[in-house]
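J.: Contents are PDB, C-alpha atoms; file name model_5.pdb:
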```pdb
ATOM      1  CA  MET Y   1     -54.936  30.758  53.894  1.00  0.00           C
ATOM      2  CA  VAL Y   2     -51.713  29.864  52.072  1.00  0.00           C
ATOM      3  CA  ALA Y   3     -49.326  32.798  51.549  1.00  0.00           C
ATOM      4  CA  ALA Y   4     -49.339  32.260  47.780  1.00  0.00           C
ATOM      5  CA  ASP Y   5     -53.150  32.415  47.470  1.00  0.00           C
ATOM      6  CA  GLY Y   6     -53.929  35.098  44.920  1.00  0.00           C
ATOM      7  CA  LEU Y   7     -50.248  35.611  44.069  1.00  0.00           C
ATOM      8  CA  ILE Y   8     -50.681  35.199  40.320  1.00  0.00           C
ATOM      9  CA  GLU Y   9     -53.623  37.607  40.248  1.00  0.00           C
ATOM     10  CA  ASP Y  10     -51.723  40.148  42.358  1.00  0.00           C
ATOM     11  CA  LEU Y  11     -48.721  39.921  40.037  1.00  0.00           C
ATOM     12  CA  ARG Y  12     -50.957  40.262  36.961  1.00  0.00           C
ATOM     13  CA  LYS Y  13     -52.561  43.394  38.402  1.00  0.00           C
ATOM     14  CA  ALA Y  14     -49.098  44.805  39.094  1.00  0.00           C
ATOM     15  CA  GLY Y  15     -48.136  44.283  35.450  1.00  0.00           C
ATOM     16  CA  VAL Y  16     -45.607  41.546  36.144  1.00  0.00           C
ATOM     17  CA  ALA Y  17     -44.972  39.613  32.930  1.00  0.00           C
ATOM     18  CA  CYS Y  18     -42.466  37.029  34.160  1.00  0.00           C
ATOM     19  CA  LEU Y  19     -42.100  34.971  37.317  1.00  0.00           C
ATOM     20  CA  GLU Y  20     -38.593  33.562  37.655  1.00  0.00           C
ATOM     21  CA  MET Y  21     -36.969  32.175  40.769  1.00  0.00           C
ATOM     22  CA  GLU Y  22     -33.364  31.104  40.210  1.00  0.00           C
ATOM     23  CA  CYS Y  23     -31.494  33.962  38.533  1.00  0.00           C
ATOM     24  CA  SER Y  24     -31.199  36.184  41.582  1.00  0.00           C
ATOM     25  CA  ALA Y  25     -28.984  33.611  43.316  1.00  0.00           C
ATOM     26  CA  LEU Y  26     -26.752  33.404  40.247  1.00  0.00           C
ATOM     27  CA  PHE Y  27     -26.502  37.209  40.067  1.00  0.00           C
ATOM     28  CA  VAL Y  28     -25.516  37.454  43.727  1.00  0.00           C
ATOM     29  CA  LEU Y  29     -22.906  34.700  43.441  1.00  0.00           C
ATOM     30  CA  ALA Y  30     -21.429  36.211  40.290  1.00  0.00           C
ATOM     31  CA  ARG Y  31     -21.173  39.612  41.953  1.00  0.00           C
ATOM     32  CA  LEU Y  32     -19.545  38.124  45.063  1.00  0.00           C
ATOM     33  CA  PHE Y  33     -16.915  36.428  42.903  1.00  0.00           C
ATOM     34  CA  GLY Y  34     -16.346  39.463  40.663  1.00  0.00           C
ATOM     35  CA  MET Y  35     -17.930  37.884  37.610  1.00  0.00           C
ATOM     36  CA  ARG Y  36     -20.493  39.128  35.114  1.00  0.00           C
ATOM     37  CA  SER Y  37     -23.804  37.348  34.824  1.00  0.00           C
ATOM     38  CA  GLY Y  38     -26.995  37.693  32.890  1.00  0.00           C
ATOM     39  CA  SER Y  39     -30.176  35.914  32.040  1.00  0.00           C
ATOM     40  CA  ILE Y  40     -32.258  35.324  28.952  1.00  0.00           C
ATOM     41  CA  LEU Y  41     -35.601  33.725  29.630  1.00  0.00           C
ATOM     42  CA  GLY Y  42     -38.049  31.951  27.367  1.00  0.00           C
ATOM     43  CA  ALA Y  43     -41.641  31.657  28.546  1.00  0.00           C
ATOM     44  CA  VAL Y  44     -42.918  28.098  28.496  1.00  0.00           C
ATOM     45  CA  ALA Y  45     -45.679  28.362  31.099  1.00  0.00           C
ATOM     46  CA  ASN Y  46     -48.597  30.723  31.528  1.00  0.00           C
ATOM     47  CA  ARG Y  47     -49.256  30.514  35.253  1.00  0.00           C
ATOM     48  CA  ALA Y  48     -52.450  32.538  34.973  1.00  0.00           C
ATOM     49  CA  THR Y  49     -54.049  30.006  32.622  1.00  0.00           C
ATOM     50  CA  ASN Y  50     -51.911  27.008  33.626  1.00  0.00           C
ATOM     51  CA  ALA Y  51     -51.018  26.493  29.941  1.00  0.00           C
ATOM     52  CA  PHE Y  52     -47.623  25.064  29.019  1.00  0.00           C
ATOM     53  CA  GLY Y  53     -45.798  24.954  25.699  1.00  0.00           C
ATOM     54  CA  ASP Y  54     -42.460  25.980  24.264  1.00  0.00           C
ATOM     55  CA  ASN Y  55     -43.667  27.767  21.102  1.00  0.00           C
ATOM     56  CA  GLY Y  56     -40.029  28.112  20.032  1.00  0.00           C
ATOM     57  CA  ALA Y  57     -39.036  30.035  23.167  1.00  0.00           C
ATOM     58  CA  GLU Y  58     -36.112  27.755  23.950  1.00  0.00           C
ATOM     59  CA  GLU Y  59     -34.582  28.110  20.487  1.00  0.00           C
ATOM     60  CA  ARG Y  60     -35.053  31.901  20.500  1.00  0.00           C
ATOM     61  CA  ALA Y  61     -33.463  32.126  23.951  1.00  0.00           C
ATOM     62  CA  ILE Y  62     -30.465  30.106  22.759  1.00  0.00           C
ATOM     63  CA  ASN Y  63     -30.047  32.369  19.726  1.00  0.00           C
ATOM     64  CA  ALA Y  64     -30.321  35.496  21.880  1.00  0.00           C
ATOM     65  CA  ALA Y  65     -27.768  34.128  24.363  1.00  0.00           C
ATOM     66  CA  ASN Y  66     -25.318  33.329  21.570  1.00  0.00           C
ATOM     67  CA  GLU Y  67     -25.673  36.845  20.158  1.00  0.00           C
ATOM     68  CA  ALA Y  68     -25.260  38.327  23.647  1.00  0.00           C
ATOM     69  CA  VAL Y  69     -21.924  36.533  24.053  1.00  0.00           C
ATOM     70  CA  VAL Y  70     -20.708  38.093  20.788  1.00  0.00           C
ATOM     71  CA  VAL Y  71     -21.840  41.581  21.874  1.00  0.00           C
ATOM     72  CA  LEU Y  72     -20.335  41.260  25.358  1.00  0.00           C
ATOM     73  CA  ASP Y  73     -17.039  40.081  23.888  1.00  0.00           C
ATOM     74  CA  GLU Y  74     -16.938  43.132  21.605  1.00  0.00           C
ATOM     75  CA  TRP Y  75     -17.739  45.420  24.538  1.00  0.00           C
ATOM     76  CA  SER Y  76     -14.921  43.832  26.567  1.00  0.00           C
ATOM     77  CA  ARG Y  77     -12.524  44.445  23.690  1.00  0.00           C
ATOM     78  CA  LEU Y  78     -13.596  48.104  23.454  1.00  0.00           C
ATOM     79  CA  LYS Y  79     -13.223  48.528  27.212  1.00  0.00           C
ATOM     80  CA  THR Y  80      -9.745  47.016  27.194  1.00  0.00           C
ATOM     81  CA  ALA Y  81      -8.647  49.062  24.171  1.00  0.00           C
ATOM     82  CA  ALA Y  82      -9.799  52.239  25.925  1.00  0.00           C
ATOM     83  CA  GLY Y  83      -7.955  51.247  29.115  1.00  0.00           C
ATOM     84  CA  LYS Y  84     -11.156  51.348  31.158  1.00  0.00           C
ATOM     85  CA  ALA Y  85     -12.149  49.139  34.098  1.00  0.00           C
ATOM     86  CA  THR Y  86     -15.804  49.029  33.075  1.00  0.00           C
ATOM     87  CA  PHE Y  87     -17.768  49.349  29.858  1.00  0.00           C
ATOM     88  CA  TYR Y  88     -20.030  52.321  29.298  1.00  0.00           C
ATOM     89  CA  PRO Y  89     -22.070  53.250  26.182  1.00  0.00           C
ATOM     90  CA  SER Y  90     -19.940  56.174  25.032  1.00  0.00           C
ATOM     91  CA  LEU Y  91     -17.122  53.686  24.300  1.00  0.00           C
ATOM     92  CA  LEU Y  92     -19.253  52.623  21.320  1.00  0.00           C
ATOM     93  CA  LEU Y  93     -19.042  56.147  19.905  1.00  0.00           C
ATOM     94  CA  ARG Y  94     -15.232  56.119  19.955  1.00  0.00           C
ATOM     95  CA  ASN Y  95     -15.175  53.078  17.683  1.00  0.00           C
ATOM     96  CA  GLY Y  96     -17.461  54.797  15.166  1.00  0.00           C
TER      97      GLY Y  96
END
```
What's the C-alpha coordinates form of this structure?
T.:
Amino acid sequence: MVAADGLIEDLRKAGVACLEMECSALFVLARLFGMRSGSILGAVANRATNAFGDNGAEERAINAANEAVVVLDEWSRLKTAAGKATFYPSLLLRNG
(Lines of atoms letter the chains of each structure in order from A and count residues from 1; the text may use other names and numbers.)
(Lines give C-alpha, C1' and ligand atoms only; values in the text may rest on other atoms or scores of the structure.)
Protein backbone atom coordinates (compact mmCIF):
# COMPACT_ATOMS: atom_id res chain seq x y z
CA MET A 1 0.00 0.00 0.00
CA VAL A 2 1.27 3.48 -0.89
CA ALA A 3 1.33 5.94 2.03
CA ALA A 4 -0.92 8.37 0.15
CA ASP A 5 -3.66 5.79 -0.52
CA GLY A 6 -6.88 7.24 0.85
CA LEU A 7 -5.23 10.58 1.67
CA ILE A 8 -7.79 12.70 -0.16
CA GLU A 9 -10.70 10.87 1.47
CA ASP A 10 -9.09 11.17 4.91
CA LEU A 11 -8.55 14.90 4.40
CA ARG A 12 -12.14 15.35 3.18
CA LYS A 13 -13.48 13.58 6.27
CA ALA A 14 -11.33 15.84 8.44
CA GLY A 15 -12.86 18.91 6.80
CA VAL A 16 -9.69 19.98 5.03
CA ALA A 17 -10.61 22.36 2.20
CA CYS A 18 -7.16 23.07 0.75
CA LEU A 19 -4.06 21.00 0.10
CA GLU A 20 -1.01 23.18 -0.41
CA MET A 21 2.62 22.14 -0.24
CA GLU A 22 5.02 25.04 -0.76
CA CYS A 23 4.03 27.88 1.57
CA SER A 24 5.33 26.33 4.77
CA ALA A 25 8.91 26.50 3.47
CA LEU A 26 8.45 30.16 2.56
CA PHE A 27 7.00 30.92 6.01
CA VAL A 28 9.93 29.24 7.76
CA LEU A 29 12.52 31.02 5.62
CA ALA A 30 10.84 34.39 6.11
CA ARG A 31 10.75 33.88 9.87
CA LEU A 32 14.42 32.83 9.95
CA PHE A 33 15.39 36.00 8.10
CA GLY A 34 13.12 38.28 10.15
CA MET A 35 10.72 38.95 7.29
CA ARG A 36 6.94 38.88 7.04
CA SER A 37 5.30 36.42 4.71
CA GLY A 38 1.83 35.39 3.73
CA SER A 39 -0.10 33.40 1.21
CA ILE A 40 -3.23 33.85 -0.85
CA LEU A 41 -4.34 30.75 -2.67
CA GLY A 42 -6.70 30.24 -5.56
CA ALA A 43 -8.16 26.77 -6.06
CA VAL A 44 -7.63 25.44 -9.55
CA ALA A 45 -7.84 21.70 -8.86
CA ASN A 46 -10.39 19.55 -7.09
CA ARG A 47 -8.31 16.56 -6.03
CA ALA A 48 -11.37 14.64 -4.87
CA THR A 49 -12.95 14.72 -8.34
CA ASN A 50 -9.72 15.27 -10.31
CA ALA A 51 -11.34 18.32 -11.97
CA PHE A 52 -9.16 21.26 -12.99
CA GLY A 53 -10.09 24.80 -13.98
CA ASP A 54 -9.25 28.34 -12.96
CA ASN A 55 -12.79 29.77 -12.71
CA GLY A 56 -11.25 33.20 -12.12
CA ALA A 57 -9.32 32.08 -9.03
CA GLU A 58 -6.01 33.44 -10.29
CA GLU A 59 -7.41 36.91 -10.96
CA ARG A 60 -9.19 37.01 -7.58
CA ALA A 61 -6.00 35.91 -5.82
CA ILE A 62 -4.03 38.67 -7.55
CA ASN A 63 -6.62 41.27 -6.52
CA ALA A 64 -6.63 40.01 -2.93
CA ALA A 65 -2.81 40.07 -2.80
CA ASN A 66 -2.72 43.64 -4.10
CA GLU A 67 -5.25 44.74 -1.48
CA ALA A 68 -3.29 42.90 1.23
CA VAL A 69 -0.15 44.87 0.35
CA VAL A 70 -2.10 48.13 0.80
CA VAL A 71 -3.50 46.99 4.17
CA LEU A 72 -0.13 45.74 5.43
CA ASP A 73 1.53 49.01 4.42
CA GLU A 74 -1.09 50.97 6.38
CA TRP A 75 -0.60 48.70 9.40
CA SER A 76 3.17 49.23 9.21
CA ARG A 77 2.63 52.99 9.15
CA LEU A 78 0.34 52.80 12.21
CA LYS A 79 2.86 50.62 14.04
CA THR A 80 5.70 53.01 13.29
CA ALA A 81 3.65 56.08 14.25
CA ALA A 82 2.79 54.44 17.58
CA GLY A 83 6.46 53.56 18.19
CA LYS A 84 5.66 49.85 18.44
CA ALA A 85 7.79 46.90 17.33
CA THR A 86 4.79 44.88 16.18
CA PHE A 87 1.29 45.61 14.93
CA TYR A 88 -1.71 44.67 17.02
CA PRO A 89 -5.43 45.36 16.35
CA SER A 90 -5.93 48.04 18.98
CA LEU A 91 -3.60 50.31 16.96
CA LEU A 92 -6.50 50.59 14.51
CA LEU A 93 -8.67 52.11 17.24
CA ARG A 94 -6.15 54.88 17.93
CA ASN A 95 -6.39 56.07 14.33
CA GLY A 96 -10.19 56.27 14.56
J.: Could you tell me, as a ChimeraX atom specification, exactly which residues end up selected when the PyMOL selection byres ((chain Y and resi 41) around 12) is applied to this structure?
T.: /Y:17-23,38-40,42-45,54,56-65
J.: Kindly save the residues from that selection, with C-alpha atoms included, as a PDB file, in the frame of the given file.
T.:
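part-v2.pdb, freshly written:
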```pdb
ATOM      1  CA  ALA Y  17     -44.972  39.613  32.930  1.00  0.00           C
ATOM      2  CA  CYS Y  18     -42.466  37.029  34.160  1.00  0.00           C
ATOM      3  CA  LEU Y  19     -42.100  34.971  37.317  1.00  0.00           C
ATOM      4  CA  GLU Y  20     -38.593  33.562  37.655  1.00  0.00           C
ATOM      5  CA  MET Y  21     -36.969  32.175  40.769  1.00  0.00           C
ATOM      6  CA  GLU Y  22     -33.364  31.104  40.210  1.00  0.00           C
ATOM      7  CA  CYS Y  23     -31.494  33.962  38.533  1.00  0.00           C
ATOM      8  CA  GLY Y  38     -26.995  37.693  32.890  1.00  0.00           C
ATOM      9  CA  SER Y  39     -30.176  35.914  32.040  1.00  0.00           C
ATOM     10  CA  ILE Y  40     -32.258  35.324  28.952  1.00  0.00           C
ATOM     11  CA  GLY Y  42     -38.049  31.951  27.367  1.00  0.00           C
ATOM     12  CA  ALA Y  43     -41.641  31.657  28.546  1.00  0.00           C
ATOM     13  CA  VAL Y  44     -42.918  28.098  28.496  1.00  0.00           C
ATOM     14  CA  ALA Y  45     -45.679  28.362  31.099  1.00  0.00           C
ATOM     15  CA  ASP Y  54     -42.460  25.980  24.264  1.00  0.00           C
ATOM     16  CA  GLY Y  56     -40.029  28.112  20.032  1.00  0.00           C
ATOM     17  CA  ALA Y  57     -39.036  30.035  23.167  1.00  0.00           C
ATOM     18  CA  GLU Y  58     -36.112  27.755  23.950  1.00  0.00           C
ATOM     19  CA  GLU Y  59     -34.582  28.110  20.487  1.00  0.00           C
ATOM     20  CA  ARG Y  60     -35.053  31.901  20.500  1.00  0.00           C
ATOM     21  CA  ALA Y  61     -33.463  32.126  23.951  1.00  0.00           C
ATOM     22  CA  ILE Y  62     -30.465  30.106  22.759  1.00  0.00           C
ATOM     23  CA  ASN Y  63     -30.047  32.369  19.726  1.00  0.00           C
ATOM     24  CA  ALA Y  64     -30.321  35.496  21.880  1.00  0.00           C
ATOM     25  CA  ALA Y  65     -27.768  34.128  24.363  1.00  0.00           C
TER      26      ALA Y  65
END
```
J.: Given the choices Y:Ala48, Y:Gly34, Y:Val71, Y:Thr80, which gets closest to Y:Gly6 if the distance is worked out from all atoms listed in the file?
T.: Y:Ala48
J.: Find the smallest box with edges along x, y and z containing every listed atom of stretch 13-24 of chain Y, then add 3 Å on each side and report centre and edge lengths in Å to one decimal, as lines of an AutoDock Vina configuration file.
T.:
```
center_x = -41.9
center_y = 38.0
center_z = 37.3
size_x = 27.4
size_y = 19.7
size_z = 14.7
```
J.: Between atom CA of Y:Glu9 and atom CA of Y:Arg47, measure the distance and give it in Å to one decimal.
T.: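 That distance, rounded to one decimal, is 9.7 Å.
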J.: Could you jot down the atom CA of Y:Leu93 to atom CA of Y:Ser76 separation for me, Å, one decimal place?
T.: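 Going from atom CA of Y:Leu93 over to atom CA of Y:Ser76, I get 14.6 Å.
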J.: Measure the distance from atom CA of Y:Ala82 to atom CA of Y:Val70 in Å and round it to one decimal.
T.: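 The value is 18.6 Å.
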J.: Applied to the shown file, which residues does the PyMOL selection byres ((chain Y and resi 87) around 12) return, written as a list in words?
T.: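 That selection, the PyMOL selection byres ((chain Y and resi 87) around 12), comes back as Arg36, Val71, Leu72, Asp73, Glu74, Trp75, Ser76, Arg77, Leu78, Lys79, Thr80, Ala81, Ala82, Gly83, Lys84, Ala85, Thr86, Tyr88, Pro89, Ser90, Leu91 and Leu92 of chain Y.
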